[in-house]
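Enquirer: Contents of work11.txt (compact mmCIF, C-alpha atoms) are given next:
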```txt
# COMPACT_ATOMS: atom_id res chain seq x y z
CA MET A 254 22.97 71.32 182.48
CA THR A 255 20.06 73.71 181.92
CA THR A 256 17.71 70.74 181.91
CA VAL A 257 18.97 69.70 185.35
CA VAL A 258 18.56 73.26 186.65
CA PHE A 259 15.09 73.44 185.16
CA TYR A 260 13.87 70.24 186.78
CA LEU A 261 15.43 71.26 190.10
CA ALA A 262 13.73 74.65 189.94
CA ALA A 263 10.43 73.08 188.89
CA VAL A 264 10.45 70.59 191.77
CA VAL A 265 11.36 73.31 194.27
CA ALA A 266 8.69 75.66 192.90
CA LEU A 267 5.92 73.06 193.05
CA ALA A 268 6.95 71.75 196.48
CA THR A 269 7.12 75.22 198.02
CA ALA A 270 3.81 76.21 196.41
CA LEU A 271 2.18 73.14 197.97
CA ALA A 272 3.78 74.05 201.29
CA VAL A 273 2.30 77.57 201.08
CA VAL A 274 -1.18 76.15 200.62
CA VAL A 275 -0.89 73.30 203.13
CA GLN A 276 0.91 74.98 206.02
CA ALA A 277 -1.31 76.06 208.91
CA ASN A 278 1.13 78.73 210.07
CA PRO A 279 1.13 81.74 207.71
CA PHE A 280 4.69 82.58 208.74
CA VAL A 281 5.93 79.25 207.36
CA SER A 282 3.73 79.79 204.29
CA ALA A 283 5.38 83.15 203.64
CA LEU A 284 8.87 81.63 203.99
CA ALA A 285 7.89 78.85 201.56
CA LEU A 286 6.63 81.48 199.13
CA ILE A 287 10.07 83.13 199.21
CA GLY A 288 11.55 79.79 198.12
CA ASN A 289 8.94 79.59 195.38
CA LEU A 290 9.83 83.07 194.11
CA VAL A 291 13.55 82.26 194.06
CA ALA A 292 12.88 79.04 192.10
CA LEU A 293 10.82 81.03 189.60
CA ALA A 294 13.65 83.55 189.29
CA ALA A 295 15.95 80.67 188.35
CA MET A 296 13.48 79.69 185.62
CA TYR A 297 13.42 83.28 184.36
CA LEU A 298 17.21 83.12 184.08
CA LEU A 299 16.88 79.92 182.05
CA LEU A 300 14.43 81.76 179.79
CA GLU A 301 16.99 84.54 179.33
CA ALA A 302 14.86 87.10 181.15
CA ASP A 303 17.72 88.43 183.26
CA PHE A 304 16.11 91.70 184.23
CA VAL A 305 12.80 90.10 185.20
CA ALA A 306 14.71 87.61 187.37
CA ALA A 307 16.57 90.42 189.14
CA ALA A 308 13.34 92.37 189.67
CA GLN A 309 11.68 89.22 190.97
CA ILE A 310 14.37 88.75 193.63
CA ILE A 311 14.63 92.41 194.64
CA VAL A 312 10.98 93.47 194.48
CA TYR A 313 9.12 90.25 195.24
CA ALA A 314 11.33 88.08 197.39
CA GLY A 315 12.75 91.21 199.01
CA ALA A 316 10.31 94.06 199.50
CA VAL A 317 6.89 92.44 199.16
CA MET A 318 7.67 89.41 201.29
CA VAL A 319 9.26 91.51 204.04
CA MET A 320 5.98 93.44 204.20
CA PHE A 321 4.09 90.16 204.43
CA LEU A 322 6.28 88.91 207.25
CA PHE A 323 5.89 92.19 209.15
CA VAL A 324 2.10 91.98 208.98
CA ILE A 325 2.10 88.30 210.00
CA ALA A 326 4.33 89.12 212.96
CA TYR A 327 2.10 92.06 213.86
CA ILE A 328 -1.06 89.96 213.88
CA GLY A 329 0.53 87.07 215.73
CA PRO A 330 -1.12 83.73 216.53
CA ARG A 331 -4.59 84.99 215.58
CA SER A 332 -3.62 84.57 211.93
CA GLN A 333 -3.70 80.76 212.17
CA VAL A 334 -6.95 79.55 210.67
CA GLY A 335 -7.50 76.07 209.25
CA THR A 336 -8.92 74.97 205.92
CA ARG A 337 -12.33 73.69 206.97
CA ARG A 338 -15.17 75.53 205.26
CA GLY A 339 -18.47 76.38 206.89
CA ARG A 340 -20.52 74.25 204.51
CA PRO A 341 -19.25 70.97 203.04
CA TRP A 342 -20.60 71.70 199.55
CA GLN A 343 -18.30 74.70 199.31
CA LEU A 344 -15.28 72.43 199.79
CA TRP A 345 -16.44 70.08 197.05
CA ALA A 346 -17.32 72.96 194.75
CA ALA A 347 -13.81 74.34 195.24
CA VAL A 348 -12.21 70.96 194.52
CA VAL A 349 -14.33 70.54 191.38
CA ALA A 350 -13.45 74.05 190.18
CA VAL A 351 -9.74 73.41 190.71
CA GLY A 352 -9.96 70.07 188.90
CA ALA A 353 -11.82 71.66 185.98
CA ILE A 354 -9.19 74.35 185.53
CA LEU A 355 -6.41 71.75 185.82
CA ALA A 356 -8.07 69.69 183.08
CA GLU A 357 -8.49 72.77 180.91
CA ILE A 358 -4.83 73.75 181.31
CA ALA A 359 -3.72 70.18 180.58
CA LEU A 360 -5.78 70.11 177.39
CA ALA A 361 -4.54 73.53 176.30
CA ASP A 362 -0.88 72.69 176.98
CA GLY A 363 -1.09 69.25 175.43
CA GLY A 364 -3.12 70.14 172.37
CA ALA A 365 -1.71 73.51 171.40
CA GLY A 366 0.97 72.03 169.18
CA PHE A 367 3.92 73.60 170.93
CA GLY A 368 5.52 70.19 170.86
CA GLU A 369 7.63 70.89 167.76
CA ALA A 370 9.39 73.93 169.20
CA ALA A 371 12.29 73.96 166.82
CA ASP A 372 12.28 77.75 166.58
CA VAL A 373 12.71 78.18 170.32
CA THR A 374 16.44 78.13 169.88
CA ALA A 375 16.29 80.60 166.99
CA ALA A 376 16.31 83.66 169.24
CA GLU A 377 19.00 82.21 171.48
CA GLY A 378 22.02 83.64 169.73
CA GLU A 379 20.62 87.15 169.93
CA PRO A 380 22.85 89.12 172.31
CA GLY A 381 21.30 91.26 175.00
CA PHE A 382 17.92 89.52 174.97
CA GLY A 383 16.23 90.28 178.29
CA SER A 384 18.96 92.67 179.40
CA PRO A 385 18.03 95.80 181.37
CA GLN A 386 18.79 97.93 178.31
CA ALA A 387 16.44 96.02 176.04
CA VAL A 388 13.60 95.80 178.56
CA GLY A 389 14.05 99.45 179.56
CA GLU A 390 13.93 100.51 175.94
CA ALA A 391 10.71 98.59 175.38
CA PHE A 392 9.28 100.10 178.56
CA LEU A 393 10.11 103.70 177.71
CA THR A 394 9.15 103.63 174.05
CA GLU A 395 6.39 101.21 173.15
CA TYR A 396 4.95 100.72 176.64
CA VAL A 397 5.51 104.14 178.18
CA LEU A 398 1.81 104.58 178.94
CA SER A 399 1.56 101.37 180.99
CA PHE A 400 4.81 102.34 182.72
CA GLU A 401 3.28 105.62 183.87
CA VAL A 402 -0.03 103.99 184.80
CA VAL A 403 1.79 101.47 187.01
CA SER A 404 3.68 104.22 188.80
CA LEU A 405 0.41 106.07 189.42
CA LEU A 406 -1.17 102.83 190.64
CA LEU A 407 1.68 102.29 193.10
CA LEU A 408 1.24 105.83 194.42
CA VAL A 409 -2.49 105.27 194.94
CA ALA A 410 -1.78 101.92 196.61
CA ALA A 411 0.73 103.55 198.98
CA VAL A 412 -1.86 106.15 200.00
CA ALA A 413 -4.47 103.40 200.42
CA GLY A 414 -2.09 101.40 202.59
CA VAL A 415 -1.53 104.37 204.87
CA VAL A 416 -5.25 105.10 205.11
CA LEU A 417 -6.24 101.47 205.74
CA GLY A 418 -3.52 100.19 207.99
CA GLY A 419 -1.89 103.22 209.51
CA GLY A 420 -3.16 106.45 210.96
CA GLN A 421 -5.28 106.65 214.06
CA ARG A 422 -7.00 103.84 215.80
CA PRO A 423 -10.54 103.52 214.44
CA GLN A 424 -12.91 105.92 216.16
CA ARG A 425 -15.17 103.49 217.91
CA THR A 426 -16.21 103.12 221.50
CA ARG A 427 -14.98 100.04 223.24
CA ARG A 428 -18.56 98.96 223.81
CA SER A 429 -19.30 98.51 220.11
CA ASP A 430 -15.99 96.76 219.68
CA ASP A 431 -16.87 94.38 222.47
CA ALA A 432 -20.30 93.72 220.98
CA GLU A 433 -18.71 92.96 217.65
CA ALA A 434 -16.18 90.61 219.18
CA THR A 435 -18.81 88.68 221.13
CA ASN A 436 -20.96 88.52 218.00
CA ALA A 437 -18.07 86.99 216.14
CA VAL A 438 -17.49 84.52 218.96
CA SER A 439 -21.13 83.50 219.25
CA SER A 440 -21.51 83.05 215.51
CA ARG A 441 -18.58 80.70 215.50
CA ARG A 442 -20.45 78.05 217.50
CA GLY A 443 -18.87 74.87 218.79
CA ALA A 444 -15.63 73.95 220.45
CA SER A 445 -13.56 76.62 218.72
CA ALA A 446 -15.62 79.45 220.24
CA ALA A 447 -13.95 79.17 223.62
CA MET A 448 -10.54 79.28 221.95
CA VAL A 449 -11.48 82.45 220.06
CA GLU A 450 -12.70 84.03 223.28
CA ALA A 451 -9.42 83.21 224.95
CA GLU A 452 -7.54 84.64 221.98
CA ILE A 453 -9.50 87.89 222.13
CA ALA A 454 -8.94 88.12 225.86
CA ALA A 455 -5.24 87.56 225.31
CA THR A 456 -5.00 90.30 222.69
CA ARG A 457 -6.91 92.63 224.99
CA ALA A 458 -4.53 91.90 227.82
CA GLY A 459 -1.57 92.34 225.52
CA GLY A 460 -2.73 95.71 224.28
CA ALA A 461 -3.57 97.07 227.73
CA PRO A 462 -3.08 100.78 226.99
CA ARG A 463 -5.29 100.68 223.93
CA PRO A 464 -8.69 101.00 225.65
CA GLY A 465 -7.40 104.10 227.44
CA VAL A 466 -6.41 105.64 224.14
CA GLY A 467 -9.86 104.92 222.72
CA VAL A 468 -11.60 106.53 225.70
CA ASP A 469 -9.42 109.63 225.61
CA ARG A 470 -10.63 110.38 222.14
CA MET B 1008 20.35 74.52 174.77
CA SER B 1009 17.23 75.74 176.40
CA PRO B 1010 14.48 73.22 177.03
CA ASP B 1011 11.37 73.56 174.98
CA VAL B 1012 8.77 75.99 176.37
CA VAL B 1013 6.08 73.38 177.12
CA PRO B 1014 7.63 72.23 180.44
CA TYR B 1015 7.52 75.83 181.64
CA LEU B 1016 3.86 76.08 180.69
CA ILE B 1017 3.12 72.83 182.53
CA VAL B 1018 4.85 74.11 185.67
CA SER B 1019 2.98 77.38 185.28
CA GLY B 1020 -0.36 75.60 184.98
CA LEU B 1021 0.32 73.41 188.02
CA LEU B 1022 1.37 76.44 190.08
CA PHE B 1023 -1.79 78.24 189.01
CA VAL B 1024 -3.96 75.33 190.12
CA ILE B 1025 -2.13 75.03 193.46
CA GLY B 1026 -2.64 78.73 194.07
CA LEU B 1027 -6.28 78.50 193.09
CA ALA B 1028 -6.79 75.64 195.53
CA GLY B 1029 -5.24 77.78 198.26
CA VAL B 1030 -7.47 80.75 197.46
CA LEU B 1031 -10.62 78.62 197.46
CA LEU B 1032 -9.85 76.30 200.37
CA ARG B 1033 -8.01 78.35 202.97
CA ARG B 1034 -9.87 80.60 205.38
CA SER B 1035 -7.07 82.79 206.65
CA PRO B 1036 -6.99 86.01 204.60
CA LEU B 1037 -3.19 86.02 204.85
CA THR B 1038 -2.87 82.57 203.28
CA VAL B 1039 -5.40 83.57 200.62
CA LEU B 1040 -3.19 86.52 199.71
CA LEU B 1041 -0.09 84.30 199.63
CA SER B 1042 -1.89 81.83 197.34
CA LEU B 1043 -2.93 84.72 195.12
CA GLU B 1044 0.76 85.58 194.78
CA ILE B 1045 1.42 82.03 193.54
CA MET B 1046 -1.29 82.47 190.89
CA LEU B 1047 0.14 85.82 189.73
CA ASN B 1048 3.63 84.34 189.56
CA SER B 1049 2.46 81.35 187.55
CA ALA B 1050 0.95 83.77 185.03
CA ASN B 1051 4.26 85.65 184.97
CA LEU B 1052 6.13 82.43 184.26
CA ALA B 1053 3.84 81.72 181.31
CA LEU B 1054 4.32 85.28 180.02
CA VAL B 1055 8.10 85.07 180.22
CA ALA B 1056 8.07 81.63 178.60
CA PHE B 1057 5.97 82.91 175.70
CA SER B 1058 8.22 85.95 175.42
CA ARG B 1059 11.14 83.56 174.98
CA HIS B 1060 9.18 81.50 172.50
CA VAL B 1061 8.31 84.50 170.33
CA GLY B 1062 11.65 86.19 170.79
CA GLY B 1063 10.34 89.64 171.78
CA HIS B 1064 10.37 91.62 174.98
CA ASP B 1065 6.62 92.24 175.17
CA GLY B 1066 5.99 89.35 177.54
CA GLN B 1067 8.75 90.47 179.89
CA VAL B 1068 7.36 94.01 179.98
CA PHE B 1069 3.95 92.53 180.75
CA ALA B 1070 5.46 90.41 183.53
CA LEU B 1071 7.05 93.48 185.11
CA VAL B 1072 3.72 95.34 184.96
CA VAL B 1073 2.07 92.35 186.66
CA MET B 1074 4.72 92.58 189.39
CA GLY B 1075 3.85 96.24 189.95
CA VAL B 1076 0.12 95.49 190.09
CA ALA B 1077 0.80 92.60 192.49
CA ALA B 1078 2.76 94.90 194.80
CA ALA B 1079 -0.15 97.36 194.83
CA GLU B 1080 -2.60 94.53 195.51
CA VAL B 1081 -0.49 93.25 198.41
CA VAL B 1082 -0.36 96.74 199.95
CA VAL B 1083 -4.14 97.12 199.86
CA GLY B 1084 -4.78 93.54 201.00
CA LEU B 1085 -2.37 93.75 203.92
CA GLY B 1086 -3.79 97.17 204.82
CA LEU B 1087 -7.25 95.62 205.03
CA ILE B 1088 -5.96 92.73 207.15
CA VAL B 1089 -4.21 95.13 209.55
CA ALA B 1090 -7.38 97.22 209.77
CA MET B 1091 -9.38 94.08 210.61
CA ALA B 1092 -6.84 93.04 213.21
CA ARG B 1093 -6.96 96.48 214.84
CA ARG B 1094 -10.73 96.24 215.13
CA ASP B 1095 -10.39 92.84 216.84
CA LEU B 1096 -12.33 91.08 214.09
CA VAL B 1097 -11.87 87.35 213.64
CA LEU B 1098 -9.46 86.79 210.75
CA ASP B 1099 -11.55 84.19 208.95
CA THR B 1100 -13.00 84.65 205.48
CA ASP B 1101 -16.07 82.63 206.50
CA GLN B 1102 -16.86 85.07 209.28
CA LEU B 1103 -16.14 88.24 207.32
CA ARG B 1104 -19.36 88.60 205.37
CA SER B 1105 -20.10 92.32 205.39
CA LEU B 1106 -18.23 95.54 204.80
CA HIS B 1107 -18.93 98.51 207.03
CA GLY B 1108 -17.18 101.86 206.79
```
Take the structure from the file and write it as structure tokens.
Expert:
Amino acid sequence: MTTVVFYLAAVVALATALAVVVQANPFVSALALIGNLVALAAMYLLLEADFVAAAQIIVYAGAVMVMFLFVIAYIGPRSQVGTRRGRPWQLWAAVVAVGAILAEIALADGGAGFGEAADVTAAEGEPGFGSPQAVGEAFLTEYVLSFEVVSLLLLVAAVAGVVLGGGQRPQRTRRSDDAEATNAVSSRRGASAAMVEAEIAATRAGGAPRPGVGVDR
Amino acid sequence: MSPDVVPYLIVSGLLFVIGLAGVLLRRSPLTVLLSLEIMLNSANLALVAFSRHVGGHDGQVFALVVMGVAAAEVVVGLGLIVAMARRDLVLDTDQLRSLHG
């Protein structure tokens, strides 16, 4: 039974991960990533990490991914960018790097001698392994420093998010914005430049009141 | 009967490589961030699997810390992307070559 669940979860996790990377539309990618996270949570349950699985669903598949989807919806169709790299050697270098790491992982997994894992089942009878009590106790005794550091980090990240994404519209004249946009368009050369120009024009038209706000300041 | 830990490590390694390919090959900063999440989660899977193998909670604590760090990283990354979008910059990692305050 657990074997069937494992292989199901593994297939779903790998398929959704591939979908995240292959999909052109980031919205579909984000939805596929939610499936990936749920499949991983199922694997955590198989590994008797109940609390980690619950946190995965609530924090990751819930809060973090909702934030992702909000940002993708906010940005709109401009977020669709393909895979083609500027220089072909970069693509090949990336493929070679990925292949090298895959080979390294295969060697490490195959040669590490985990094959005779007879003692894996030894801890299985232990009641309460991975329960919130056990993990919370480890967190608040042995790892209390990292617990506090993570809460501080989250506070700093929240402040950084407000500073970066929220607040006032950047204090720039429209002229410099326009210059920047046309620079970006001209440096993009080729057939896609016209499309980018149209996209920028569309976002301008969509956000009609924004230039007024910039001028008022 | 739990399956032996090696299949989990294989899945974790494959997920890591898929995420790495996404980070290196995609140009949209949003997809790069999503692929980065796959890489972090593959590391978490390996940590939880090793935690099960050893029979202690250390790996699970580590995985939860990684989740917290990942949430912080997503907040900053998405904040940067929103800031770029508000300045009408092209959302393309090939075009974004310089930082300017």
Enquirer: Within 7 Å of chain A, which residues of chain B are there when counting all atoms listed in the file? Please give them as a tab-separated table (two decimals) with C-alpha atoms, keeping the file's coordinate frame.
Expert:
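iface.tsv was written with the following content:
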```
chain	number	residue	atom	x	y	z
B	1009	SER	CA	17.23	75.74	176.40
B	1010	PRO	CA	14.48	73.22	177.03
B	1011	ASP	CA	11.37	73.56	174.98
B	1013	VAL	CA	6.08	73.38	177.12
B	1016	LEU	CA	3.86	76.08	180.69
B	1017	ILE	CA	3.12	72.83	182.53
B	1018	VAL	CA	4.85	74.11	185.67
B	1020	GLY	CA	-0.36	75.60	184.98
B	1022	LEU	CA	1.37	76.44	190.08
B	1024	VAL	CA	-3.96	75.33	190.12
B	1025	ILE	CA	-2.13	75.03	193.46
B	1027	LEU	CA	-6.28	78.50	193.09
B	1028	ALA	CA	-6.79	75.64	195.53
B	1029	GLY	CA	-5.24	77.78	198.26
B	1031	LEU	CA	-10.62	78.62	197.46
B	1032	LEU	CA	-9.85	76.30	200.37
B	1033	ARG	CA	-8.01	78.35	202.97
B	1034	ARG	CA	-9.87	80.60	205.38
B	1035	SER	CA	-7.07	82.79	206.65
B	1037	LEU	CA	-3.19	86.02	204.85
B	1038	THR	CA	-2.87	82.57	203.28
B	1041	LEU	CA	-0.09	84.30	199.63
B	1042	SER	CA	-1.89	81.83	197.34
B	1045	ILE	CA	1.42	82.03	193.54
B	1055	VAL	CA	8.10	85.07	180.22
B	1056	ALA	CA	8.07	81.63	178.60
B	1059	ARG	CA	11.14	83.56	174.98
B	1060	HIS	CA	9.18	81.50	172.50
B	1062	GLY	CA	11.65	86.19	170.79
B	1064	HIS	CA	10.37	91.62	174.98
B	1067	GLN	CA	8.75	90.47	179.89
B	1068	VAL	CA	7.36	94.01	179.98
B	1071	LEU	CA	7.05	93.48	185.11
B	1072	VAL	CA	3.72	95.34	184.96
B	1075	GLY	CA	3.85	96.24	189.95
B	1076	VAL	CA	0.12	95.49	190.09
B	1078	ALA	CA	2.76	94.90	194.80
B	1079	ALA	CA	-0.15	97.36	194.83
B	1082	VAL	CA	-0.36	96.74	199.95
B	1083	VAL	CA	-4.14	97.12	199.86
B	1085	LEU	CA	-2.37	93.75	203.92
B	1086	GLY	CA	-3.79	97.17	204.82
B	1087	LEU	CA	-7.25	95.62	205.03
B	1089	VAL	CA	-4.21	95.13	209.55
B	1090	ALA	CA	-7.38	97.22	209.77
B	1092	ALA	CA	-6.84	93.04	213.21
B	1094	ARG	CA	-10.73	96.24	215.13
B	1095	ASP	CA	-10.39	92.84	216.84
B	1096	LEU	CA	-12.33	91.08	214.09
B	1097	VAL	CA	-11.87	87.35	213.64
B	1098	LEU	CA	-9.46	86.79	210.75
B	1099	ASP	CA	-11.55	84.19	208.95
B	1101	ASP	CA	-16.07	82.63	206.50
```
Enquirer: For CA of Ser1019 in chain B and CA of Gly288 in chain A, quote the distance in Å rounded to one decimal.
Expert: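 Computing the Euclidean distance for CA of Ser1019 in chain B and CA of Gly288 in chain A yields 15.6 Å.
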Enquirer: How far is it from CA of Tyr1015 in chain B to CA of Phe1057 in chain B, in Å with one decimal?
Expert: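 The value is 9.4 Å.
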Enquirer: Please determine, counting all atoms listed in the file, which residue among B:Val1061, B:Leu1040, B:Leu1103, B:Met1046 has the shortest atom-to-atom distance to Val1081 in chain B.
Expert: B:Leu1040
Enquirer: Enter the distance from CA of Val265 in chain A to CA of Ala292 in chain A, in Å, rounded to one decimal.
Expert: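 Taking CA of Val265 in chain A as the start and CA of Ala292 in chain A as the end point, the length is 6.3 Å.
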Enquirer: Please export range 1052-1093 of chain B as an mmCIF file, in the first residue's frame, restricted to C-alpha atoms.
Expert:
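Full text of out.cif as output:
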```
data_model
loop_
_atom_site.group_PDB
_atom_site.id
_atom_site.type_symbol
_atom_site.label_atom_id
_atom_site.label_comp_id
_atom_site.auth_asym_id
_atom_site.auth_seq_id
_atom_site.Cartn_x
_atom_site.Cartn_y
_atom_site.Cartn_z
ATOM 1 C CA LEU B 1052 12.655 15.781 0.968
ATOM 2 C CA ALA B 1053 16.218 14.523 1.340
ATOM 3 C CA LEU B 1054 16.427 15.984 4.859
ATOM 4 C CA VAL B 1055 13.177 14.359 5.950
ATOM 5 C CA ALA B 1056 14.214 11.051 4.379
ATOM 6 C CA PHE B 1057 17.535 11.098 6.236
ATOM 7 C CA SER B 1058 15.720 12.058 9.425
ATOM 8 C CA ARG B 1059 13.616 8.928 8.999
ATOM 9 C CA HIS B 1060 16.684 6.877 8.233
ATOM 10 C CA VAL B 1061 18.527 8.001 11.364
ATOM 11 C CA GLY B 1062 15.438 8.014 13.540
ATOM 12 C CA GLY B 1063 15.875 11.521 15.001
ATOM 13 C CA HIS B 1064 14.002 14.766 14.599
ATOM 14 C CA ASP B 1065 16.992 16.886 13.582
ATOM 15 C CA GLY B 1066 16.285 16.587 9.870
ATOM 16 C CA GLN B 1067 12.656 17.578 10.320
ATOM 17 C CA VAL B 1068 13.652 20.646 12.338
ATOM 18 C CA PHE B 1069 16.100 21.528 9.581
ATOM 19 C CA ALA B 1070 13.360 21.096 6.964
ATOM 20 C CA LEU B 1071 11.070 23.464 8.863
ATOM 21 C CA VAL B 1072 13.861 26.049 9.098
ATOM 22 C CA VAL B 1073 14.382 25.716 5.335
ATOM 23 C CA MET B 1074 10.649 26.373 4.868
ATOM 24 C CA GLY B 1075 10.955 29.582 6.903
ATOM 25 C CA VAL B 1076 13.991 30.727 4.925
ATOM 26 C CA ALA B 1077 12.192 29.892 1.669
ATOM 27 C CA ALA B 1078 9.206 32.002 2.706
ATOM 28 C CA ALA B 1079 11.524 34.933 3.431
ATOM 29 C CA GLU B 1080 13.272 34.441 0.092
ATOM 30 C CA VAL B 1081 9.946 34.398 -1.769
ATOM 31 C CA VAL B 1082 8.870 37.639 -0.072
ATOM 32 C CA VAL B 1083 12.049 39.445 -1.111
ATOM 33 C CA GLY B 1084 12.059 37.952 -4.615
ATOM 34 C CA LEU B 1085 8.434 38.804 -5.292
ATOM 35 C CA GLY B 1086 8.997 42.286 -3.831
ATOM 36 C CA LEU B 1087 11.805 42.809 -6.340
ATOM 37 C CA ILE B 1088 9.643 41.548 -9.206
ATOM 38 C CA VAL B 1089 6.782 43.866 -8.223
ATOM 39 C CA ALA B 1090 9.229 46.776 -7.973
ATOM 40 C CA MET B 1091 10.519 45.971 -11.473
ATOM 41 C CA ALA B 1092 6.993 45.734 -12.822
ATOM 42 C CA ARG B 1093 6.086 49.100 -11.306
#
```
